[in-house]
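> Input structure: start-v2.tsv, which contains TSV, C-alpha atoms and all ligand atoms.
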```tsv
chain	number	residue	atom	x	y	z
D	289	MET	CA	0.00	0.00	0.00
D	290	ALA	CA	1.23	3.49	-0.82
D	291	TYR	CA	2.42	5.69	2.04
D	292	VAL	CA	0.46	8.94	1.84
D	293	ILE	CA	1.34	12.23	3.54
D	294	GLY	CA	-1.52	14.75	3.72
D	295	LEU	CA	-0.16	18.26	3.11
D	296	THR	CA	-2.37	21.14	4.18
D	297	GLY	CA	-2.32	24.77	5.29
D	298	GLY	CA	-4.31	27.97	4.89
D	299	ILE	CA	-4.53	29.88	1.64
D	300	GLY	CA	-1.12	31.32	0.74
D	301	SER	CA	0.69	29.39	3.47
D	302	GLY	CA	3.03	27.89	0.86
D	303	LYS	CA	1.50	24.48	0.09
D	304	SER	CA	2.37	24.62	-3.61
D	305	ALA	CA	5.88	25.89	-2.95
D	306	VAL	CA	6.50	23.01	-0.51
D	307	ALA	CA	4.83	20.41	-2.77
D	308	ASP	CA	7.13	21.46	-5.64
D	309	LEU	CA	10.14	20.83	-3.42
D	310	PHE	CA	8.85	17.37	-2.42
D	311	SER	CA	8.32	16.64	-6.09
D	312	GLY	CA	11.96	17.60	-6.71
D	313	GLN	CA	12.97	15.00	-4.10
D	314	GLY	CA	11.09	12.25	-5.96
D	315	ALA	CA	7.77	12.15	-4.10
D	316	ALA	CA	4.59	11.77	-6.15
D	317	ILE	CA	2.22	14.74	-5.78
D	318	VAL	CA	-1.57	14.43	-5.87
D	319	ASP	CA	-2.86	17.99	-5.52
D	320	THR	CA	-6.61	18.56	-5.16
D	321	ASP	CA	-6.26	22.23	-6.21
D	322	ALA	CA	-4.47	21.21	-9.40
D	323	ILE	CA	-7.19	18.62	-10.03
D	324	ALA	CA	-9.92	21.23	-9.48
D	325	HIS	CA	-8.18	23.50	-12.00
D	326	ALA	CA	-7.91	20.73	-14.57
D	327	LEU	CA	-11.60	19.87	-14.17
D	328	THR	CA	-12.63	23.51	-14.67
D	329	ARG	CA	-10.34	24.54	-17.51
D	330	ALA	CA	-11.56	24.62	-21.12
D	331	GLY	CA	-12.63	21.10	-22.07
D	332	GLY	CA	-12.44	19.93	-18.43
D	333	ALA	CA	-14.96	17.33	-17.24
D	334	ALA	CA	-16.76	19.86	-15.02
D	335	ILE	CA	-17.44	22.49	-17.69
D	336	GLU	CA	-20.65	21.11	-19.21
D	337	PRO	CA	-22.23	20.23	-15.82
D	338	LEU	CA	-21.31	23.76	-14.65
D	339	ARG	CA	-22.98	25.26	-17.69
D	340	ARG	CA	-26.15	23.24	-16.96
D	341	ILE	CA	-26.24	24.37	-13.32
D	342	PHE	CA	-25.15	28.02	-13.55
D	343	GLY	CA	-25.76	28.89	-17.19
D	344	ASP	CA	-23.45	30.18	-19.93
D	345	ALA	CA	-22.55	33.22	-17.83
D	346	CYS	CA	-20.29	31.12	-15.61
D	347	ILE	CA	-18.12	30.08	-18.56
D	348	ALA	CA	-15.41	32.52	-19.74
D	349	PRO	CA	-14.93	33.24	-23.47
D	350	ASP	CA	-11.94	30.86	-23.53
D	351	GLY	CA	-14.18	27.96	-22.41
D	352	SER	CA	-12.87	27.69	-18.84
D	353	MET	CA	-14.93	28.32	-15.70
D	354	ASP	CA	-15.15	32.07	-15.05
D	355	ARG	CA	-13.60	31.95	-11.58
D	356	LYS	CA	-14.37	35.53	-10.67
D	357	LYS	CA	-18.01	35.18	-11.61
D	358	VAL	CA	-18.42	31.89	-9.79
D	359	ARG	CA	-16.66	33.27	-6.70
D	360	GLY	CA	-19.15	36.15	-6.72
D	361	LEU	CA	-22.09	33.76	-7.11
D	362	VAL	CA	-21.14	31.51	-4.22
D	363	PHE	CA	-20.33	34.40	-1.87
D	364	ALA	CA	-23.74	35.90	-2.55
D	365	ASP	CA	-25.76	32.67	-2.37
D	366	PRO	CA	-25.09	29.75	-0.01
D	367	SER	CA	-27.26	27.42	-2.09
D	368	ALA	CA	-25.07	28.13	-5.15
D	369	LYS	CA	-22.05	27.25	-3.02
D	370	LEU	CA	-23.65	23.92	-2.09
D	371	LYS	CA	-24.49	23.16	-5.71
D	372	LEU	CA	-20.93	23.91	-6.78
D	373	GLU	CA	-19.53	21.72	-4.01
D	374	HIS	CA	-21.91	18.86	-4.78
D	375	LEU	CA	-20.69	18.91	-8.34
D	376	LEU	CA	-16.96	19.40	-7.84
D	377	HIS	CA	-16.15	17.60	-4.59
D	378	PRO	CA	-17.04	14.08	-5.73
D	379	MET	CA	-15.18	14.64	-9.02
D	380	ILE	CA	-12.10	15.85	-7.14
D	381	ARG	CA	-12.33	12.96	-4.67
D	382	ASP	CA	-12.54	10.36	-7.45
D	383	GLU	CA	-9.80	11.92	-9.52
D	384	SER	CA	-7.41	12.20	-6.58
D	385	GLN	CA	-8.13	8.60	-5.57
D	386	ARG	CA	-7.16	7.60	-9.10
D	387	GLY	CA	-4.00	9.70	-8.75
D	388	ILE	CA	-3.06	7.89	-5.53
D	389	ALA	CA	-3.64	4.49	-7.12
D	390	ALA	CA	-1.56	5.48	-10.16
D	391	ALA	CA	1.34	6.65	-7.95
D	392	ALA	CA	1.59	3.41	-5.95
D	393	GLY	CA	5.13	2.83	-7.24
D	394	ALA	CA	6.50	6.11	-5.87
D	395	PRO	CA	8.56	6.13	-2.63
D	396	TYR	CA	5.65	7.97	-1.01
D	397	ILE	CA	2.83	10.29	-2.02
D	398	VAL	CA	2.24	13.89	-0.95
D	399	HIS	CA	-1.51	14.49	-1.10
D	400	VAL	CA	-2.13	18.27	-1.12
D	401	VAL	CA	-5.57	18.92	0.40
D	402	PRO	CA	-6.44	22.46	1.57
D	403	LEU	CA	-9.51	21.10	3.42
D	404	LEU	CA	-7.75	18.09	4.94
D	405	ILE	CA	-8.53	18.93	8.56
D	406	GLU	CA	-12.21	19.55	7.74
D	407	SER	CA	-12.66	16.34	5.73
D	408	PRO	CA	-12.76	12.97	7.54
D	409	ASP	CA	-12.82	11.27	4.17
D	410	TYR	CA	-9.45	12.73	3.13
D	411	ARG	CA	-8.02	12.30	6.62
D	412	SER	CA	-8.73	8.59	6.39
D	413	ARG	CA	-6.62	8.38	3.21
D	414	VAL	CA	-3.42	9.71	4.75
D	415	GLN	CA	-0.97	8.16	7.17
D	416	ARG	CA	0.40	11.49	8.36
D	417	VAL	CA	-0.54	15.17	8.40
D	418	LEU	CA	1.98	17.86	7.40
D	419	VAL	CA	0.85	21.43	8.06
D	420	ILE	CA	2.45	24.43	6.33
D	421	ASP	CA	2.15	27.28	8.75
D	422	CYS	CA	2.68	31.01	8.71
D	423	ALA	CA	1.24	34.06	10.44
D	424	GLU	CA	-2.02	35.40	9.04
D	425	ASP	CA	-0.51	38.76	8.07
D	426	VAL	CA	2.16	36.99	6.02
D	427	GLN	CA	-0.50	34.81	4.37
D	428	ILE	CA	-2.55	37.87	3.44
D	429	GLU	CA	0.43	39.73	1.99
D	430	ARG	CA	1.48	36.75	-0.16
D	431	VAL	CA	-2.01	36.06	-1.48
D	432	LYS	CA	-2.54	39.76	-2.30
D	433	GLN	CA	0.68	39.77	-4.30
D	434	ARG	CA	-0.07	36.50	-6.06
D	435	SER	CA	-3.71	37.05	-6.95
D	436	GLY	CA	-4.50	40.74	-6.77
D	437	LEU	CA	-7.33	40.04	-4.29
D	438	SER	CA	-7.97	42.78	-1.74
D	439	GLU	CA	-7.05	42.35	1.91
D	440	GLU	CA	-10.74	42.08	2.75
D	441	GLU	CA	-11.30	39.33	0.19
D	442	VAL	CA	-8.35	37.35	1.51
D	443	ARG	CA	-9.55	37.76	5.11
D	444	ARG	CA	-12.97	36.53	4.04
D	445	ILE	CA	-11.45	33.38	2.54
D	446	ILE	CA	-9.32	32.80	5.65
D	447	ALA	CA	-12.44	33.14	7.81
D	448	THR	CA	-14.04	30.21	5.91
D	449	GLN	CA	-11.03	27.99	6.63
D	450	VAL	CA	-10.29	26.04	9.79
D	451	PRO	CA	-8.55	28.20	12.44
D	452	ARG	CA	-4.76	28.03	12.50
D	453	ALA	CA	-4.68	26.56	16.04
D	454	ARG	CA	-6.94	23.64	15.10
D	455	ARG	CA	-4.86	22.88	12.05
D	456	LEU	CA	-1.69	22.85	14.14
D	457	GLU	CA	-3.32	20.56	16.70
D	458	ALA	CA	-4.01	18.01	13.96
D	459	ALA	CA	-0.44	18.11	12.61
D	460	ASP	CA	2.10	15.31	12.90
D	461	ASP	CA	4.69	17.58	11.28
D	462	VAL	CA	4.81	21.34	10.75
D	463	ILE	CA	6.83	23.42	8.30
D	464	ASP	CA	7.08	27.00	9.48
D	465	ASN	CA	7.01	29.05	6.27
D	466	SER	CA	7.15	32.54	7.74
D	467	GLY	CA	10.79	32.91	6.69
D	468	PRO	CA	12.26	33.43	3.21
D	469	LEU	CA	11.85	30.86	0.42
D	470	GLU	CA	15.55	30.02	0.59
D	471	VAL	CA	15.18	28.17	3.89
D	472	LEU	CA	12.43	25.82	2.62
D	473	PRO	CA	14.56	23.27	0.70
D	474	ALA	CA	16.50	22.21	3.83
D	475	LYS	CA	13.26	21.74	5.77
D	476	VAL	CA	11.72	19.67	2.98
D	477	SER	CA	14.87	17.65	2.58
D	478	ALA	CA	14.89	16.69	6.30
D	479	LEU	CA	11.25	15.60	6.11
D	480	HIS	CA	11.93	13.72	2.88
D	481	GLN	CA	14.51	11.57	4.73
D	482	ARG	CA	12.02	10.88	7.46
D	483	TYR	CA	9.13	10.06	5.11
D	484	THR	CA	11.31	7.75	3.04
D	485	GLU	CA	12.20	5.83	6.22
D	486	LEU	CA	8.60	5.73	7.44
D	487	ALA	CA	7.36	4.54	4.05
D	488	THR	CA	10.00	1.80	3.97
D	489	GLN	CA	9.02	0.68	7.49
D	490	ALA	CA	5.34	0.69	6.55
D	491	ARG	CA	6.06	-1.49	3.51
D	492	THR	CA	8.19	-3.93	5.53
D	493	HIS	CA	5.50	-4.32	8.17
D	494	ALA	CA	2.61	-4.51	5.72
T	501	LIG	P1	-0.67	27.95	-1.22
T	501	LIG	O1	-0.43	26.84	-2.24
T	501	LIG	O2	-0.65	27.44	0.19
T	501	LIG	O3	-1.90	28.78	-1.48
T	501	LIG	P2	1.69	29.11	-2.44
T	501	LIG	O4	2.73	28.05	-2.35
T	501	LIG	O5	1.03	29.32	-3.75
T	501	LIG	O6	0.57	28.93	-1.29
T	501	LIG	O7	2.32	30.47	-1.90
T	501	LIG	C1	1.58	31.69	-1.96
T	501	LIG	C2	2.44	32.77	-2.60
T	501	LIG	O8	3.49	33.12	-1.71
T	501	LIG	C3	3.09	32.33	-3.90
T	501	LIG	O9	3.16	33.42	-4.76
T	501	LIG	C4	4.48	31.88	-3.45
T	501	LIG	O10	5.44	32.02	-4.46
T	501	LIG	C5	4.76	32.83	-2.30
T	501	LIG	N1	5.57	32.22	-1.23
T	501	LIG	C6	5.45	30.99	-0.68
T	501	LIG	N2	6.35	30.81	0.30
T	501	LIG	C7	7.06	31.96	0.39
T	501	LIG	C8	8.15	32.42	1.22
T	501	LIG	N3	8.68	31.64	2.17
T	501	LIG	N4	8.61	33.66	1.02
T	501	LIG	C9	8.07	34.46	0.08
T	501	LIG	N5	7.06	34.11	-0.74
T	501	LIG	C10	6.55	32.87	-0.58
```
Output the file's structure as structure tokens, nothing else.


Amino acid sequence: MAYVIGLTGGIGSGKSAVADLFSGQGAAIVDTDAIAHALTRAGGAAIEPLRRIFGDACIAPDGSMDRKKVRGLVFADPSAKLKLEHLLHPMIRDESQRGIAAAAGAPYIVHVVPLLIESPDYRSRVQRVLVIDCAEDVQIERVKQRSGLSEEEVRRIIATQVPRARRLEAADDVIDNSGPLEVLPAKVSALHQRYTELATQARTHA
């Protein structure tokens, strides 16, 4: 059985940056955000069902989901949010399960799941929880720079996510990403050693 590390953290905490470094070390990455993007880009499996539920207005001229429009819809209307989740969540769950099965030959798998702590289903898939942590102000600054969202919009997203303290409580391992990017590779490399050992042990005892 594959050894699966669940990687989580708030928006802008550095999940993608850390996952890229694990990938560089040889881990397989199954990223639910990347899967959600693939499903909702032009030609993605979610596009036609989205069109049926929300109408043509939710599809951008290039054929992908109009993220800004859909974000506006779900903020304004909780029932639209539920509809969107009922469509996308099962697709993401299935697709990531396929990704895990396909990566069974890798030394171990890093499963990137922003909602890991909130989702018993995803928690049950992972042997260990790795939390990427940084102060809220740092998170906000990084997301503003990356996405052009306003401070208020970022705060609103953070308010919908599990509180930092609860996430840390659930962690087996924590990467503190409040420092510069340059210090991340050494932290990932140390965890990579550990995960390789744990995965080997798990295989020997299986
Ligand atoms: P997440 O995947 O958790 O939303 P990202 O890995 O995309 O977060 O990081 C958010 C933004 O902050 C990105 O633009 C990324 O390049 C940047 N970033 C991540 N870690 C650091 C860091 N330690 N120092 C400076 N910028 C960072």

> Please list as an mmCIF file with C-alpha atoms, in the coordinates of the input every residue within 7 Å of region 298-303 of chain D, counting all atoms listed in the file and excluding residues in the same chain fewer than 2 positions away.


```
data_model
loop_
_atom_site.group_PDB
_atom_site.id
_atom_site.type_symbol
_atom_site.label_atom_id
_atom_site.label_comp_id
_atom_site.auth_asym_id
_atom_site.auth_seq_id
_atom_site.Cartn_x
_atom_site.Cartn_y
_atom_site.Cartn_z
ATOM 1 C CA THR D 296 -2.370 21.140 4.180
ATOM 2 C CA ALA D 305 5.880 25.890 -2.950
ATOM 3 C CA VAL D 306 6.500 23.010 -0.510
ATOM 4 C CA ALA D 307 4.830 20.410 -2.770
ATOM 5 C CA PRO D 402 -6.440 22.460 1.570
ATOM 6 C CA ILE D 420 2.450 24.430 6.330
ATOM 7 C CA ASP D 421 2.150 27.280 8.750
ATOM 8 C CA CYS D 422 2.680 31.010 8.710
ATOM 9 C CA GLN D 427 -0.500 34.810 4.370
ATOM 10 C CA ARG D 430 1.480 36.750 -0.160
ATOM 11 C CA VAL D 431 -2.010 36.060 -1.480
ATOM 12 C CA ILE D 446 -9.320 32.800 5.650
ATOM 13 C CA GLN D 449 -11.030 27.990 6.630
ATOM 14 C CA ASN D 465 7.010 29.050 6.270
#
```

> Near Glu457 (chain D), counting only C-alpha atoms, which residues have an atom at most 12 Å away, once you skip same-chain residues fewer than 3 positions from it, shown as a list in words?

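With the cut-off at 12 Å, the set is Ile405, Val417, Leu418, Val419, Asp421, Val450, Pro451, Arg452, Ala453, Arg454, Asp460, Asp461 and Val462 of chain D.
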
> Which of these residues is nearest to Thr488 (chain D), using only C-alpha atoms: D:Ile323, D:Ala394, D:Leu372, D:Leu309?

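The shortest atom-to-atom distance to Thr488 (chain D) comes from D:Ala394.
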
> Please determine, counting all atoms listed in the file, which residue among D:Pro366, D:Ile397, D:Pro408, D:Glu441 has the shortest atom-to-atom distance to Ser384 (chain D).

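The closest residue to Ser384 (chain D) is D:Ile397.
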
> Given only C-alpha atoms and all ligand atoms as the basis, pick out the residue of D:His493, D:Arg455, D:Lys432, D:Arg443 nearest to ligand LIG 501 (chain T).

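Closest candidate: D:Lys432.
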
> Residues at most 10 Å from Ile347 (chain D), counting all atoms listed in the file, excluding those fewer than 5 positions away in the same chain, as a PyMOL selection string?

chain D and resi 328-330+335-336+338-339+342+352-355+357-358

> Nearest residue to Arg482 (chain D) out of D:Leu375, D:Val362, D:Leu437, D:Ile293, using only C-alpha atoms?

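Going through D:Leu375, D:Val362, D:Leu437, D:Ile293 one by one, the smallest distance to Arg482 (chain D) is for D:Ile293.
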
> At most 10 Å from (-0.2, 9.8, 3.5), file frame, all atoms listed in the file: which residues, as a ChimeraX atom specification?

/D:290-295,388,396-400,410-418,483,487

> What separation in Å, quoted to one decimal, exists between atom C1 of ligand LIG 501 (chain T) and CA of Asp365 (chain D)?

27.4 Å

> To one decimal in Å, tell me the separation between CA of Ala458 (chain D) and CA of Gly393 (chain D).

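Distance reported for this atom pair: 27.6 Å.
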
> Missing atoms in region 405-429 of chain D: fill them in up to N, CA, C and O atoms and send the result as a PDB file, in the frame of the given file.


```pdb
ATOM      1  N   ILE D 405      -8.132  19.003   7.152  1.00  0.00           N
ATOM      2  CA  ILE D 405      -8.530  18.930   8.560  1.00  0.00           C
ATOM      3  C   ILE D 405     -10.057  18.841   8.670  1.00  0.00           C
ATOM      4  O   ILE D 405     -10.594  18.195   9.557  1.00  0.00           O
ATOM      5  N   GLU D 406     -10.741  19.498   7.717  1.00  0.00           N
ATOM      6  CA  GLU D 406     -12.210  19.550   7.740  1.00  0.00           C
ATOM      7  C   GLU D 406     -12.846  18.280   7.193  1.00  0.00           C
ATOM      8  O   GLU D 406     -14.047  18.094   7.351  1.00  0.00           O
ATOM      9  N   SER D 407     -12.062  17.432   6.508  1.00  0.00           N
ATOM     10  CA  SER D 407     -12.660  16.340   5.730  1.00  0.00           C
ATOM     11  C   SER D 407     -12.233  14.966   6.245  1.00  0.00           C
ATOM     12  O   SER D 407     -11.159  14.497   5.910  1.00  0.00           O
ATOM     13  N   PRO D 408     -13.100  14.297   7.019  1.00  0.00           N
ATOM     14  CA  PRO D 408     -12.760  12.970   7.540  1.00  0.00           C
ATOM     15  C   PRO D 408     -12.399  11.995   6.426  1.00  0.00           C
ATOM     16  O   PRO D 408     -11.517  11.151   6.593  1.00  0.00           O
ATOM     17  N   ASP D 409     -13.064  12.162   5.285  1.00  0.00           N
ATOM     18  CA  ASP D 409     -12.820  11.270   4.170  1.00  0.00           C
ATOM     19  C   ASP D 409     -11.356  11.347   3.690  1.00  0.00           C
ATOM     20  O   ASP D 409     -10.687  10.332   3.483  1.00  0.00           O
ATOM     21  N   TYR D 410     -10.853  12.571   3.543  1.00  0.00           N
ATOM     22  CA  TYR D 410      -9.450  12.730   3.130  1.00  0.00           C
ATOM     23  C   TYR D 410      -8.505  12.332   4.259  1.00  0.00           C
ATOM     24  O   TYR D 410      -7.463  11.721   4.029  1.00  0.00           O
ATOM     25  N   ARG D 411      -8.882  12.666   5.484  1.00  0.00           N
ATOM     26  CA  ARG D 411      -8.020  12.300   6.620  1.00  0.00           C
ATOM     27  C   ARG D 411      -7.793  10.792   6.648  1.00  0.00           C
ATOM     28  O   ARG D 411      -6.708  10.321   6.971  1.00  0.00           O
ATOM     29  N   SER D 412      -8.840  10.038   6.302  1.00  0.00           N
ATOM     30  CA  SER D 412      -8.730   8.590   6.390  1.00  0.00           C
ATOM     31  C   SER D 412      -7.820   8.031   5.284  1.00  0.00           C
ATOM     32  O   SER D 412      -7.404   6.885   5.343  1.00  0.00           O
ATOM     33  N   ARG D 413      -7.495   8.850   4.285  1.00  0.00           N
ATOM     34  CA  ARG D 413      -6.620   8.380   3.210  1.00  0.00           C
ATOM     35  C   ARG D 413      -5.135   8.534   3.541  1.00  0.00           C
ATOM     36  O   ARG D 413      -4.301   8.029   2.814  1.00  0.00           O
ATOM     37  N   VAL D 414      -4.836   9.353   4.546  1.00  0.00           N
ATOM     38  CA  VAL D 414      -3.420   9.710   4.750  1.00  0.00           C
ATOM     39  C   VAL D 414      -2.882   9.098   6.036  1.00  0.00           C
ATOM     40  O   VAL D 414      -3.606   8.944   7.014  1.00  0.00           O
ATOM     41  N   GLN D 415      -1.599   8.745   5.983  1.00  0.00           N
ATOM     42  CA  GLN D 415      -0.970   8.160   7.170  1.00  0.00           C
ATOM     43  C   GLN D 415      -0.444   9.236   8.119  1.00  0.00           C
ATOM     44  O   GLN D 415      -0.194   8.975   9.281  1.00  0.00           O
ATOM     45  N   ARG D 416      -0.222  10.432   7.583  1.00  0.00           N
ATOM     46  CA  ARG D 416       0.400  11.490   8.360  1.00  0.00           C
ATOM     47  C   ARG D 416      -0.048  12.847   7.861  1.00  0.00           C
ATOM     48  O   ARG D 416      -0.349  12.989   6.682  1.00  0.00           O
ATOM     49  N   VAL D 417      -0.094  13.824   8.774  1.00  0.00           N
ATOM     50  CA  VAL D 417      -0.540  15.170   8.400  1.00  0.00           C
ATOM     51  C   VAL D 417       0.626  16.152   8.525  1.00  0.00           C
ATOM     52  O   VAL D 417       1.233  16.274   9.599  1.00  0.00           O
ATOM     53  N   LEU D 418       0.940  16.818   7.411  1.00  0.00           N
ATOM     54  CA  LEU D 418       1.980  17.860   7.400  1.00  0.00           C
ATOM     55  C   LEU D 418       1.303  19.207   7.194  1.00  0.00           C
ATOM     56  O   LEU D 418       0.636  19.422   6.173  1.00  0.00           O
ATOM     57  N   VAL D 419       1.471  20.101   8.151  1.00  0.00           N
ATOM     58  CA  VAL D 419       0.850  21.430   8.060  1.00  0.00           C
ATOM     59  C   VAL D 419       1.914  22.471   7.680  1.00  0.00           C
ATOM     60  O   VAL D 419       2.995  22.502   8.273  1.00  0.00           O
ATOM     61  N   ILE D 420       1.594  23.286   6.674  1.00  0.00           N
ATOM     62  CA  ILE D 420       2.450  24.430   6.330  1.00  0.00           C
ATOM     63  C   ILE D 420       1.851  25.630   7.047  1.00  0.00           C
ATOM     64  O   ILE D 420       0.674  25.954   6.860  1.00  0.00           O
ATOM     65  N   ASP D 421       2.677  26.253   7.852  1.00  0.00           N
ATOM     66  CA  ASP D 421       2.150  27.280   8.750  1.00  0.00           C
ATOM     67  C   ASP D 421       2.860  28.611   8.556  1.00  0.00           C
ATOM     68  O   ASP D 421       4.078  28.644   8.362  1.00  0.00           O
ATOM     69  N   CYS D 422       2.071  29.686   8.567  1.00  0.00           N
ATOM     70  CA  CYS D 422       2.680  31.010   8.710  1.00  0.00           C
ATOM     71  C   CYS D 422       1.650  31.970   9.292  1.00  0.00           C
ATOM     72  O   CYS D 422       0.454  31.668   9.310  1.00  0.00           O
ATOM     73  N   ALA D 423       2.135  33.092   9.792  1.00  0.00           N
ATOM     74  CA  ALA D 423       1.240  34.060  10.440  1.00  0.00           C
ATOM     75  C   ALA D 423       0.235  34.593   9.429  1.00  0.00           C
ATOM     76  O   ALA D 423       0.523  34.681   8.227  1.00  0.00           O
ATOM     77  N   GLU D 424      -0.940  34.965   9.916  1.00  0.00           N
ATOM     78  CA  GLU D 424      -2.020  35.400   9.040  1.00  0.00           C
ATOM     79  C   GLU D 424      -1.616  36.622   8.202  1.00  0.00           C
ATOM     80  O   GLU D 424      -1.936  36.706   7.012  1.00  0.00           O
ATOM     81  N   ASP D 425      -0.910  37.559   8.805  1.00  0.00           N
ATOM     82  CA  ASP D 425      -0.510  38.760   8.070  1.00  0.00           C
ATOM     83  C   ASP D 425       0.374  38.415   6.873  1.00  0.00           C
ATOM     84  O   ASP D 425       0.270  39.021   5.805  1.00  0.00           O
ATOM     85  N   VAL D 426       1.253  37.416   7.096  1.00  0.00           N
ATOM     86  CA  VAL D 426       2.160  36.990   6.020  1.00  0.00           C
ATOM     87  C   VAL D 426       1.341  36.332   4.908  1.00  0.00           C
ATOM     88  O   VAL D 426       1.525  36.622   3.712  1.00  0.00           O
ATOM     89  N   GLN D 427       0.409  35.469   5.325  1.00  0.00           N
ATOM     90  CA  GLN D 427      -0.500  34.810   4.370  1.00  0.00           C
ATOM     91  C   GLN D 427      -1.204  35.851   3.497  1.00  0.00           C
ATOM     92  O   GLN D 427      -1.234  35.742   2.270  1.00  0.00           O
ATOM     93  N   ILE D 428      -1.768  36.853   4.155  1.00  0.00           N
ATOM     94  CA  ILE D 428      -2.550  37.870   3.440  1.00  0.00           C
ATOM     95  C   ILE D 428      -1.674  38.603   2.430  1.00  0.00           C
ATOM     96  O   ILE D 428      -2.044  38.786   1.274  1.00  0.00           O
ATOM     97  N   GLU D 429      -0.492  38.987   2.863  1.00  0.00           N
ATOM     98  CA  GLU D 429       0.430  39.730   1.990  1.00  0.00           C
ATOM     99  C   GLU D 429       0.764  38.895   0.756  1.00  0.00           C
ATOM    100  O   GLU D 429       0.736  39.383  -0.374  1.00  0.00           O
TER     101      GLU D 429
END
```
